[in-house]
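*Asks:* Provided herewith: data_24.cif, mmCIF, C-alpha atoms and all ligand atoms.
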data_my_file
#
loop_
_atom_site.label_atom_id
_atom_site.label_comp_id
_atom_site.auth_asym_id
_atom_site.auth_seq_id
_atom_site.Cartn_x
_atom_site.Cartn_y
_atom_site.Cartn_z
CA MET A 92 38.86 22.51 13.76
CA SER A 93 36.61 19.83 12.30
CA GLU A 94 33.90 20.65 9.72
CA SER A 95 31.26 19.92 12.37
CA ASP A 96 32.94 22.21 14.96
CA ARG A 97 33.17 24.99 12.38
CA HIS A 98 29.46 24.64 11.58
CA HIS A 99 28.41 24.73 15.22
CA SER A 100 30.55 27.73 16.16
CA ASN A 101 29.21 29.74 13.20
CA PRO A 102 27.92 33.06 14.69
CA SER A 103 25.09 33.37 12.16
CA ARG A 104 23.74 30.02 13.36
CA LYS A 105 23.39 31.42 16.87
CA THR A 106 21.70 34.53 15.52
CA HIS A 107 19.19 32.33 13.69
CA HIS A 108 18.42 30.56 16.95
CA LEU A 109 17.62 33.84 18.65
CA GLU A 110 15.50 35.01 15.75
CA MET A 111 13.56 31.79 15.35
CA ALA A 112 12.96 30.75 18.94
CA GLU A 113 9.71 32.68 18.89
CA LYS A 114 8.41 30.73 15.90
CA ALA A 115 9.58 27.40 17.30
CA GLN A 116 7.00 27.17 20.08
CA VAL A 117 4.85 24.02 20.15
CA GLY A 118 1.59 23.46 21.97
CA MET A 119 0.58 20.40 23.99
CA ALA A 120 -2.09 19.59 21.37
CA GLN A 121 0.77 18.78 18.98
CA LEU A 122 2.34 16.14 21.22
CA ASN A 123 2.39 12.74 19.51
CA GLU A 124 1.27 10.33 22.20
CA LEU A 125 1.76 7.11 20.24
CA PHE A 126 5.30 6.67 21.54
CA ASP A 127 7.65 6.75 24.45
CA TYR A 128 10.75 8.65 23.40
CA GLU A 129 13.91 7.00 24.76
CA PRO A 130 17.01 8.97 23.79
CA LEU A 131 19.39 7.25 26.20
CA LEU A 132 19.28 3.63 25.17
CA ARG A 133 21.03 3.57 21.77
CA GLY A 134 23.37 5.53 19.55
CA PHE A 135 22.76 6.40 15.89
CA GLU A 136 23.28 3.44 13.57
CA GLU A 137 24.45 4.26 10.07
CA ASN A 138 23.39 0.95 8.56
CA LEU A 139 20.37 0.01 10.61
CA ASN A 140 18.77 -3.09 9.12
CA ILE A 141 15.13 -2.54 8.20
CA ASP A 142 14.68 -5.60 5.95
CA SER A 143 11.06 -6.60 5.66
CA LEU A 144 8.72 -9.09 3.99
CA GLU A 145 10.05 -12.13 2.16
CA PHE A 146 8.49 -13.84 -0.83
CA GLY A 147 10.42 -16.96 -1.80
CA ASP A 148 14.01 -15.90 -2.36
CA LYS A 149 13.17 -12.17 -2.53
CA LYS A 150 13.16 -9.81 0.39
CA MET A 151 12.05 -6.17 0.75
CA ARG A 152 14.97 -4.05 2.01
CA ALA A 153 12.56 -1.64 3.70
CA PRO A 154 9.06 -2.11 5.19
CA LEU A 155 7.41 0.22 2.68
CA TRP A 156 5.02 -0.97 -0.02
CA ILE A 157 3.96 1.13 -3.02
CA SER A 158 0.23 0.44 -3.10
CA SER A 159 -1.51 -0.37 -6.40
CA MET A 160 -2.31 2.65 -8.53
CA THR A 161 -2.09 3.44 -12.17
CA GLY A 162 -2.01 1.67 -15.49
CA GLY A 163 -3.78 1.89 -18.80
CA THR A 164 -3.88 5.67 -19.21
CA GLY A 165 -1.52 8.05 -20.99
CA LYS A 166 -0.11 9.37 -17.73
CA ALA A 167 0.54 5.95 -16.20
CA GLY A 168 3.73 5.19 -18.16
CA PRO A 169 6.02 7.87 -16.66
CA ILE A 170 4.49 7.50 -13.17
CA ASN A 171 5.02 3.74 -13.16
CA LYS A 172 8.54 4.18 -14.49
CA ASN A 173 9.42 6.45 -11.55
CA LEU A 174 7.80 4.09 -9.06
CA ALA A 175 9.73 1.12 -10.47
CA LEU A 176 13.03 3.01 -10.17
CA ALA A 177 12.27 4.02 -6.57
CA ALA A 178 11.33 0.43 -5.70
CA LYS A 179 14.68 -0.73 -7.06
CA GLU A 180 16.71 2.03 -5.38
CA PHE A 181 15.23 1.52 -1.91
CA GLY A 182 14.17 -2.15 -2.02
CA LEU A 183 10.44 -1.44 -1.72
CA GLY A 184 7.59 -3.74 -2.77
CA LEU A 185 5.39 -2.59 -5.64
CA GLY A 186 1.75 -3.18 -6.50
CA LEU A 187 0.69 -2.47 -10.09
CA GLY A 188 -2.61 -0.69 -10.74
CA SER A 189 -5.49 -2.70 -12.16
CA CYS A 190 -4.13 -4.77 -15.06
CA ARG A 191 -7.56 -5.20 -16.66
CA PRO A 192 -6.55 -3.38 -19.90
CA LEU A 193 -3.99 -6.14 -20.60
CA MET A 194 -6.74 -8.72 -21.15
CA ALA A 195 -7.99 -6.56 -24.04
CA GLY A 196 -4.66 -6.38 -25.88
CA ASP A 197 -1.03 -5.28 -25.73
CA GLU A 198 -1.53 -1.53 -26.15
CA PHE A 199 -0.55 -0.73 -22.55
CA PHE A 200 1.72 -3.70 -21.86
CA LYS A 201 4.87 -1.60 -21.57
CA ASP A 202 3.24 0.66 -18.92
CA PHE A 203 2.74 -2.40 -16.74
CA HIS A 204 5.90 -4.34 -17.56
CA LEU A 205 8.10 -2.82 -14.87
CA ARG A 206 10.48 -5.75 -14.35
CA PRO A 207 13.18 -4.45 -16.72
CA LEU A 208 13.25 -1.14 -14.80
CA ALA A 209 12.82 -2.54 -11.29
CA GLY A 210 15.36 -5.33 -11.71
CA ASP A 211 15.13 -8.92 -10.52
CA ASP A 212 15.10 -8.30 -6.78
CA VAL A 213 11.96 -6.15 -6.44
CA ILE A 214 8.73 -7.84 -5.40
CA ILE A 215 5.98 -6.88 -7.85
CA PHE A 216 2.29 -7.82 -7.64
CA ALA A 217 -0.15 -7.47 -10.54
CA ASN A 218 -3.71 -6.36 -9.75
CA PHE A 219 -7.19 -7.42 -10.88
CA GLY A 220 -10.70 -6.82 -9.61
CA ILE A 221 -12.71 -9.72 -8.20
CA ALA A 222 -15.33 -9.23 -10.96
CA GLN A 223 -12.72 -9.71 -13.68
CA ILE A 224 -11.26 -12.81 -12.07
CA GLU A 225 -14.75 -14.30 -11.72
CA GLN A 226 -15.47 -13.51 -15.37
CA TYR A 227 -12.16 -14.83 -16.76
CA LEU A 228 -12.49 -18.08 -14.81
CA GLU A 229 -16.09 -18.49 -15.97
CA GLU A 230 -15.10 -17.87 -19.60
CA GLY A 231 -12.27 -20.40 -19.34
CA ARG A 232 -9.62 -17.67 -19.88
CA GLY A 233 -7.49 -18.68 -16.88
CA GLN A 234 -4.56 -19.84 -19.05
CA GLU A 235 -4.64 -16.61 -21.05
CA LEU A 236 -4.38 -14.70 -17.77
CA LEU A 237 -1.46 -16.85 -16.61
CA GLU A 238 0.36 -16.15 -19.89
CA ILE A 239 0.02 -12.40 -19.28
CA LEU A 240 1.29 -12.76 -15.72
CA LYS A 241 4.31 -14.72 -16.94
CA ARG A 242 5.10 -12.03 -19.51
CA LEU A 243 4.74 -9.36 -16.80
CA GLU A 244 7.33 -11.25 -14.72
CA VAL A 245 5.45 -10.50 -11.50
CA ASN A 246 5.78 -12.41 -8.23
CA GLY A 247 2.13 -12.42 -7.32
CA VAL A 248 -1.33 -11.00 -7.94
CA PHE A 249 -3.55 -8.81 -5.80
CA ILE A 250 -7.29 -9.20 -6.14
CA HIS A 251 -9.13 -6.08 -5.06
CA VAL A 252 -12.58 -6.65 -3.56
CA ASN A 253 -14.44 -3.35 -3.60
CA PRO A 254 -18.26 -3.70 -3.77
CA LEU A 255 -18.89 -0.22 -2.36
CA GLN A 256 -16.75 1.51 -4.98
CA GLU A 257 -18.45 -0.47 -7.74
CA TRP A 258 -21.91 0.44 -6.42
CA PHE A 259 -21.09 4.14 -6.62
CA GLN A 260 -20.29 3.89 -10.34
CA SER A 261 -23.06 3.83 -12.92
CA GLU A 262 -20.95 1.43 -14.98
CA GLY A 263 -19.69 -0.46 -11.89
CA ASP A 264 -19.02 -4.22 -11.90
CA ARG A 265 -21.11 -6.80 -10.10
CA TRP A 266 -20.24 -10.34 -8.97
CA PHE A 267 -22.56 -13.06 -7.86
CA ARG A 268 -20.36 -15.87 -6.53
CA SER A 269 -18.85 -15.39 -3.10
CA PRO A 270 -15.44 -13.70 -3.54
CA LEU A 271 -14.05 -16.38 -1.23
CA GLU A 272 -14.86 -19.14 -3.73
CA VAL A 273 -13.37 -17.17 -6.60
CA ILE A 274 -10.22 -16.38 -4.60
CA ALA A 275 -9.85 -20.08 -3.69
CA ASP A 276 -10.09 -21.12 -7.37
CA PHE A 277 -7.71 -18.42 -8.48
CA LYS A 278 -5.23 -19.28 -5.75
CA GLU A 279 -4.98 -22.81 -7.12
CA LEU A 280 -4.38 -21.49 -10.62
CA LEU A 281 -1.66 -19.08 -9.45
CA GLN A 282 0.03 -21.76 -7.40
CA SER A 283 0.33 -23.87 -10.56
CA ILE A 284 2.89 -21.32 -11.84
CA GLY A 285 4.41 -20.50 -8.45
CA LEU A 286 2.83 -17.07 -7.95
CA PHE A 287 1.66 -15.60 -4.63
CA ILE A 288 -1.89 -14.38 -4.05
CA GLY A 289 -2.88 -11.23 -2.19
CA VAL A 290 -6.25 -9.68 -1.40
CA LYS A 291 -6.98 -6.01 -0.75
CA GLU A 292 -9.72 -3.44 -0.45
CA VAL A 293 -9.36 0.04 -1.97
CA GLY A 294 -9.79 2.43 0.98
CA GLN A 295 -12.42 1.12 3.37
CA GLY A 296 -10.70 -1.89 4.85
CA MET A 297 -12.62 -5.01 5.91
CA GLY A 298 -14.18 -6.42 9.04
CA PRO A 299 -13.15 -9.31 11.30
CA GLN A 300 -15.21 -11.98 9.55
CA SER A 301 -13.76 -11.20 6.13
CA LEU A 302 -10.24 -11.18 7.61
CA GLN A 303 -10.92 -14.50 9.29
CA ALA A 304 -12.23 -16.00 6.05
CA LEU A 305 -9.04 -14.94 4.23
CA TRP A 306 -7.05 -16.47 7.05
CA GLU A 307 -8.86 -19.78 6.57
CA LEU A 308 -8.10 -19.63 2.84
CA GLU A 309 -4.42 -19.19 3.64
CA VAL A 310 -3.83 -16.39 1.16
CA ASP A 311 -0.21 -15.20 1.09
CA LEU A 312 -0.78 -11.50 1.61
CA ILE A 313 -3.53 -9.18 2.86
CA GLU A 314 -3.37 -5.43 2.24
CA PHE A 315 -5.76 -3.53 4.49
CA ALA A 316 -6.38 -0.48 2.24
CA ALA A 317 -8.23 0.72 5.28
CA PHE A 318 -10.50 3.70 5.89
CA GLY A 319 -8.71 6.96 6.66
CA GLY A 320 -6.95 7.92 3.44
CA THR A 321 -7.92 7.74 -0.22
CA ASN A 322 -11.53 6.54 -0.39
CA PHE A 323 -12.65 5.25 -3.76
CA SER A 324 -16.35 5.30 -2.91
CA LYS A 325 -16.04 9.01 -2.26
CA LEU A 326 -13.99 9.42 -5.42
CA GLU A 327 -16.65 7.68 -7.54
CA ALA A 328 -19.43 9.62 -5.83
CA LEU A 329 -17.60 12.84 -6.73
CA ARG A 330 -17.13 11.69 -10.32
CA GLU A 331 -20.83 10.95 -10.63
CA ALA A 332 -21.77 14.28 -9.07
CA ASN A 333 -19.56 16.10 -11.58
CA SER A 334 -20.85 14.13 -14.56
CA SER A 335 -23.03 16.12 -16.92
CA GLU A 336 -24.96 13.02 -18.00
CA LEU A 337 -28.53 12.68 -16.77
CA LYS A 338 -28.52 10.55 -13.65
CA GLU A 339 -30.76 7.53 -13.76
CA ARG A 340 -30.25 6.85 -10.11
CA MET A 341 -29.34 9.08 -7.19
CA ARG A 342 -27.02 7.47 -4.69
CA PRO A 343 -26.95 8.74 -1.12
CA ASP A 344 -23.35 8.98 0.13
CA GLY A 345 -23.70 7.12 3.47
CA LEU A 346 -21.75 4.09 2.22
CA CYS A 347 -18.65 6.22 1.64
CA PHE A 348 -18.21 6.42 5.37
CA VAL A 349 -18.38 2.80 6.52
CA GLY A 350 -15.30 0.66 6.95
CA HIS A 351 -12.42 -0.06 9.27
CA SER A 352 -9.33 1.89 10.25
CA ALA A 353 -5.84 0.43 9.96
CA LYS A 354 -5.53 0.55 13.73
CA GLU A 355 -8.71 -1.46 14.21
CA MET A 356 -7.60 -4.00 11.59
CA VAL A 357 -4.26 -4.51 13.35
CA ARG A 358 -6.26 -5.36 16.45
CA HIS A 359 -8.38 -7.91 14.53
CA VAL A 360 -5.29 -9.50 12.98
CA ASN A 361 -3.66 -9.82 16.40
CA CYS A 362 -6.77 -11.60 17.68
CA LEU A 363 -6.69 -14.02 14.75
CA ILE A 364 -3.02 -14.75 15.39
CA LYS A 365 -3.95 -15.73 18.91
CA GLU A 366 -7.06 -17.72 18.03
CA SER A 367 -6.37 -19.39 14.69
CA LYS A 368 -4.27 -22.50 14.17
CA ARG A 369 -3.50 -21.48 10.59
CA PRO A 370 -0.31 -19.61 9.74
CA ALA A 371 -0.70 -15.84 9.55
CA PRO A 372 -0.57 -14.28 6.09
CA ARG A 373 1.86 -11.44 5.45
CA ILE A 374 0.19 -8.08 6.11
CA ILE A 375 0.47 -4.69 4.44
CA ILE A 376 -0.95 -2.00 6.69
CA SER A 377 -2.29 0.73 4.43
CA GLY A 378 -5.09 3.22 3.96
CA GLY A 379 -4.28 6.67 5.32
CA VAL A 380 -0.88 5.52 6.57
CA HIS A 381 0.75 8.57 5.08
CA SER A 382 3.75 8.81 7.39
CA SER A 383 6.43 6.29 8.30
CA LEU A 384 5.88 7.21 11.96
CA VAL A 385 2.33 5.89 11.78
CA GLY A 386 3.60 2.91 9.80
CA PHE A 387 6.19 2.21 12.49
CA TYR A 388 3.62 2.52 15.28
CA LEU A 389 1.22 0.07 13.65
CA LEU A 390 3.93 -2.39 12.62
CA GLU A 391 5.36 -2.43 16.12
CA ASN A 392 1.91 -3.38 17.35
CA LEU A 393 1.34 -6.04 14.68
CA ARG A 394 2.13 -9.53 15.92
CA THR A 395 3.23 -10.94 12.58
CA ALA A 396 5.36 -10.09 9.55
CA GLY A 397 4.19 -6.94 7.83
CA ALA A 398 5.03 -3.76 5.98
CA PHE A 399 3.16 -0.50 5.61
CA GLY A 400 1.82 0.79 2.32
CA MET A 401 0.99 4.12 0.76
CA ALA A 402 -0.68 5.11 -2.49
CA LYS A 403 -1.58 8.82 -2.65
CA PRO A 404 1.71 10.17 -1.16
CA PHE A 405 3.69 8.24 -3.80
CA LEU A 406 1.48 9.55 -6.56
CA GLU A 407 2.14 13.15 -5.59
CA HIS A 408 5.90 12.73 -5.92
CA ALA A 409 6.00 10.24 -8.80
CA THR A 410 4.01 12.70 -10.91
CA LYS A 411 6.55 15.47 -10.28
CA ASP A 412 9.91 13.87 -11.00
CA ILE A 413 12.26 11.16 -9.87
CA ASP A 414 14.32 13.46 -7.59
CA SER A 415 11.24 14.51 -5.66
CA LEU A 416 10.21 10.85 -5.34
CA TYR A 417 13.65 9.74 -4.11
CA ALA A 418 13.80 12.61 -1.59
CA PHE A 419 10.34 11.63 -0.30
CA VAL A 420 11.21 7.93 0.13
CA GLU A 421 14.60 8.70 1.66
CA GLY A 422 12.98 11.06 4.17
CA GLU A 423 10.32 8.54 5.16
CA LEU A 424 12.83 5.70 5.57
CA ASP A 425 15.25 7.88 7.56
CA GLN A 426 12.38 8.85 9.83
CA TYR A 427 11.49 5.16 10.20
CA LYS A 428 15.09 4.36 11.23
CA MET A 429 15.08 7.20 13.77
CA ALA A 430 11.82 5.85 15.18
CA LYS A 431 13.25 2.36 15.40
CA THR A 432 16.29 3.68 17.26
CA PHE A 433 14.74 6.17 19.66
CA LEU A 434 11.02 5.43 20.01
CA LYS A 435 9.04 2.69 21.72
CA ALA A 436 5.53 2.27 20.35
CA ARG A 437 2.93 2.31 23.09
CA PRO A 438 0.48 -0.62 22.99
CA LEU A 439 -2.68 -0.27 20.91
CA ASN A 440 -5.73 0.02 23.06
C1 LIG B 1 -4.69 7.12 -8.16
C2 LIG B 1 -5.00 5.84 -7.45
C3 LIG B 1 -5.32 4.71 -8.20
C4 LIG B 1 -5.62 3.50 -7.57
N1 LIG B 1 -5.86 2.38 -8.33
C5 LIG B 1 -6.03 1.18 -7.72
C6 LIG B 1 -6.14 -0.02 -8.49
O1 LIG B 1 -6.08 0.00 -9.72
N2 LIG B 1 -6.31 -1.19 -7.82
C7 LIG B 1 -6.35 -1.25 -6.46
O2 LIG B 1 -6.47 -2.34 -5.90
N3 LIG B 1 -6.26 -0.13 -5.71
C8 LIG B 1 -6.10 1.07 -6.30
N4 LIG B 1 -5.94 2.22 -5.53
C9 LIG B 1 -6.10 2.11 -4.06
C10 LIG B 1 -4.77 2.06 -3.34
O3 LIG B 1 -4.06 0.89 -3.68
C11 LIG B 1 -4.92 2.12 -1.81
O4 LIG B 1 -5.53 0.94 -1.37
C12 LIG B 1 -5.75 3.30 -1.34
O5 LIG B 1 -5.47 4.42 -2.14
C13 LIG B 1 -5.47 3.69 0.11
O6 LIG B 1 -4.15 4.13 0.29
P1 LIG B 1 -3.73 5.67 0.54
O7 LIG B 1 -4.61 6.20 1.63
O8 LIG B 1 -2.29 5.59 0.92
O9 LIG B 1 -3.93 6.41 -0.76
C14 LIG B 1 -5.63 3.42 -6.15
C15 LIG B 1 -5.31 4.58 -5.40
C16 LIG B 1 -5.00 5.77 -6.02
C17 LIG B 1 -4.65 6.97 -5.19
#
Written as structure tokens, how would this file's structure read?

*Replies:*
Amino acid sequence: MSESDRHHSNPSRKTHHLEMAEKAQVGMAQLNELFDYEPLLRGFEENLNIDSLEFGDKKMRAPLWISSMTGGTGKAGPINKNLALAAKEFGLGLGLGSCRPLMAGDEFFKDFHLRPLAGDDVIIFANFGIAQIEQYLEEGRGQELLEILKRLEVNGVFIHVNPLQEWFQSEGDRWFRSPLEVIADFKELLQSIGLFIGVKEVGQGMGPQSLQALWELEVDLIEFAAFGGTNFSKLEALREANSSELKERMRPDGLCFVGHSAKEMVRHVNCLIKESKRPAPRIIISGGVHSSLVGFYLLENLRTAGAFGMAKPFLEHATKDIDSLYAFVEGELDQYKMAKTFLKARPLN
């Protein structure tokens, strides 16, 4: 008798079925209506190819991006180390958290320098705020920034553009040139050393005109960081509310709740693909995309090359330990492969 036959004829297994049938009832409200389920068309595939975005000679081996998070605090070192190891193990792309502390000195350099851990094949993007890029360019510190990027051995840089988050902070940054001009200048600088440029929000996404403007600029990568998951305006509003310092200014919280969902942004991108003559940038669908099933659904509806990204779910596991992180990624990627084999995403409407 084979191992599998032995397992399936085990009498205690049958007893479990009888005992648990009561608990295993589902209601119609739980039905996931994003997909058609087609069990008859394919068999299981052990080595299903899920290769994803390419940057030069590097390719992600799975369509999952670790969205920008930490750096520059005591806790960041071990978290980033775990994230770098997971990126290497599973072939994920990796965004560093804001690298601003590196322009002040080398104290935190090793927390951000993940190349030795991640190996040569992982795609890594550094991360700066639009205000910092504007400031460094204005102060003529562009070359200094490039030197840091070279030492970091990254493949590209994300600029986060987050005016709402900044407004919610008492000490928040301001910028006065159009971000589009700053991004265009920075793109030229990055191209001079062969690095890619990406642009992202931090949890509220962006509207069709901003997407179109980025399209016209021909940036290499757009990460949605859409509304629906971690929301940094809300986070800053909570920080301010908890602060014991006397508040000079009360901020109503209405601006926490504006923005665009990932689903809506996929729709806008698909329109641009149809209407624009320019090549489509690579897309990372993120912001509340906390399951590979949702990632699969949105990617199947996206009409260009993309991956899906998560921040908060990675943080939860990376803070625990590497085994928990590996089990999480493995589970999500296995689920993605099952979806690819047995589900058909219904069209976005
Ligand atoms: C702890 C934490 C730190 C973050 N730090 C940054 C950052 O430094 N730069 C940035 O562009 N986005 C940052 N983000 C935003 C994420 O990259 C992402 O856009 C956002 O959290 C939405 O994804 P999620 O819903 O999967 O968490 C951070 C998110 C978290 C949870």

*Asks:* Tell me, as JSON, numbers by chain, which residues lie within 9 Å of Asn361 (chain A), counting only C-alpha atoms; anything in the same chain fewer than 5 positions away does not count.

*Replies:* {"A": [356, 366, 392, 393, 394, 395]}

*Asks:* As JSON, numbers by chain, please: every protein or nucleic acid residue near ligand LIG 1 (chain B) (cut-off 8 Å, counting all atoms listed in the file).

*Replies:* {"A": [158, 159, 160, 161, 162, 186, 187, 188, 189, 190, 218, 219, 220, 249, 250, 251, 252, 291, 292, 293, 294, 314, 315, 316, 317, 318, 319, 320, 321, 322, 323, 377, 378, 379, 380, 381, 400, 401, 402, 403, 404, 406]}

*Asks:* Keeping only C-alpha atoms, write those residues as an mmCIF file, in the frame of the given file.

*Replies:*
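Final file, result.cif:
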data_model
loop_
_atom_site.group_PDB
_atom_site.id
_atom_site.type_symbol
_atom_site.label_atom_id
_atom_site.label_comp_id
_atom_site.auth_asym_id
_atom_site.auth_seq_id
_atom_site.Cartn_x
_atom_site.Cartn_y
_atom_site.Cartn_z
ATOM 1 C CA SER A 158 0.230 0.440 -3.100
ATOM 2 C CA SER A 159 -1.510 -0.370 -6.400
ATOM 3 C CA MET A 160 -2.310 2.650 -8.530
ATOM 4 C CA THR A 161 -2.090 3.440 -12.170
ATOM 5 C CA GLY A 162 -2.010 1.670 -15.490
ATOM 6 C CA GLY A 186 1.750 -3.180 -6.500
ATOM 7 C CA LEU A 187 0.690 -2.470 -10.090
ATOM 8 C CA GLY A 188 -2.610 -0.690 -10.740
ATOM 9 C CA SER A 189 -5.490 -2.700 -12.160
ATOM 10 C CA CYS A 190 -4.130 -4.770 -15.060
ATOM 11 C CA ASN A 218 -3.710 -6.360 -9.750
ATOM 12 C CA PHE A 219 -7.190 -7.420 -10.880
ATOM 13 C CA GLY A 220 -10.700 -6.820 -9.610
ATOM 14 C CA PHE A 249 -3.550 -8.810 -5.800
ATOM 15 C CA ILE A 250 -7.290 -9.200 -6.140
ATOM 16 C CA HIS A 251 -9.130 -6.080 -5.060
ATOM 17 C CA VAL A 252 -12.580 -6.650 -3.560
ATOM 18 C CA LYS A 291 -6.980 -6.010 -0.750
ATOM 19 C CA GLU A 292 -9.720 -3.440 -0.450
ATOM 20 C CA VAL A 293 -9.360 0.040 -1.970
ATOM 21 C CA GLY A 294 -9.790 2.430 0.980
ATOM 22 C CA GLU A 314 -3.370 -5.430 2.240
ATOM 23 C CA PHE A 315 -5.760 -3.530 4.490
ATOM 24 C CA ALA A 316 -6.380 -0.480 2.240
ATOM 25 C CA ALA A 317 -8.230 0.720 5.280
ATOM 26 C CA PHE A 318 -10.500 3.700 5.890
ATOM 27 C CA GLY A 319 -8.710 6.960 6.660
ATOM 28 C CA GLY A 320 -6.950 7.920 3.440
ATOM 29 C CA THR A 321 -7.920 7.740 -0.220
ATOM 30 C CA ASN A 322 -11.530 6.540 -0.390
ATOM 31 C CA PHE A 323 -12.650 5.250 -3.760
ATOM 32 C CA SER A 377 -2.290 0.730 4.430
ATOM 33 C CA GLY A 378 -5.090 3.220 3.960
ATOM 34 C CA GLY A 379 -4.280 6.670 5.320
ATOM 35 C CA VAL A 380 -0.880 5.520 6.570
ATOM 36 C CA HIS A 381 0.750 8.570 5.080
ATOM 37 C CA GLY A 400 1.820 0.790 2.320
ATOM 38 C CA MET A 401 0.990 4.120 0.760
ATOM 39 C CA ALA A 402 -0.680 5.110 -2.490
ATOM 40 C CA LYS A 403 -1.580 8.820 -2.650
ATOM 41 C CA PRO A 404 1.710 10.170 -1.160
ATOM 42 C CA LEU A 406 1.480 9.550 -6.560
#

*Asks:* Would you list the contacts of Lys201 (chain A) as a list of chain:residue names, taking every protein, DNA or RNA residue within 12 Å and counting all atoms listed in the file, but skipping same-chain residues closer than 2 positions in sequence?

*Replies:*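 Residues near the query, excluding close chain neighbours: A:Gly162, A:Gly163, A:Thr164, A:Gly165, A:Ala167, A:Gly168, A:Pro169, A:Asn171, A:Lys172, A:Cys190, A:Pro192, A:Leu193, A:Gly196, A:Asp197, A:Glu198, A:Phe199, A:Phe203, A:His204, A:Leu205, A:Arg206, A:Pro207, A:Leu208, A:Arg242, A:Leu243.
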
*Asks:* So what do you get for CA of Ala418 (chain A) versus CA of Phe387 (chain A), distance-wise?

*Replies:*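 Between these atoms lies a distance of 19.1 Å.
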
*Asks:* Could you please determine the separation between CA of Gly350 (chain A) and CA of Tyr427 (chain A) in Å, to one decimal place?

*Replies:* 27.4 Å

*Asks:* Can you work out the spacing between CA of Asp127 (chain A) and CA of His108 (chain A) in Å, to one decimal?

*Replies:*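 So the answer is 27.2 Å.
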
*Asks:* Give me, as a VMD selection string, all polymer residues having an atom no more than 10 Å from Trp258 (chain A), counting only C-alpha atoms and skipping those fewer than 5 positions away in the same chain.

*Replies:* chain A and resid 253 263 to 265 324 327 to 328 342 346
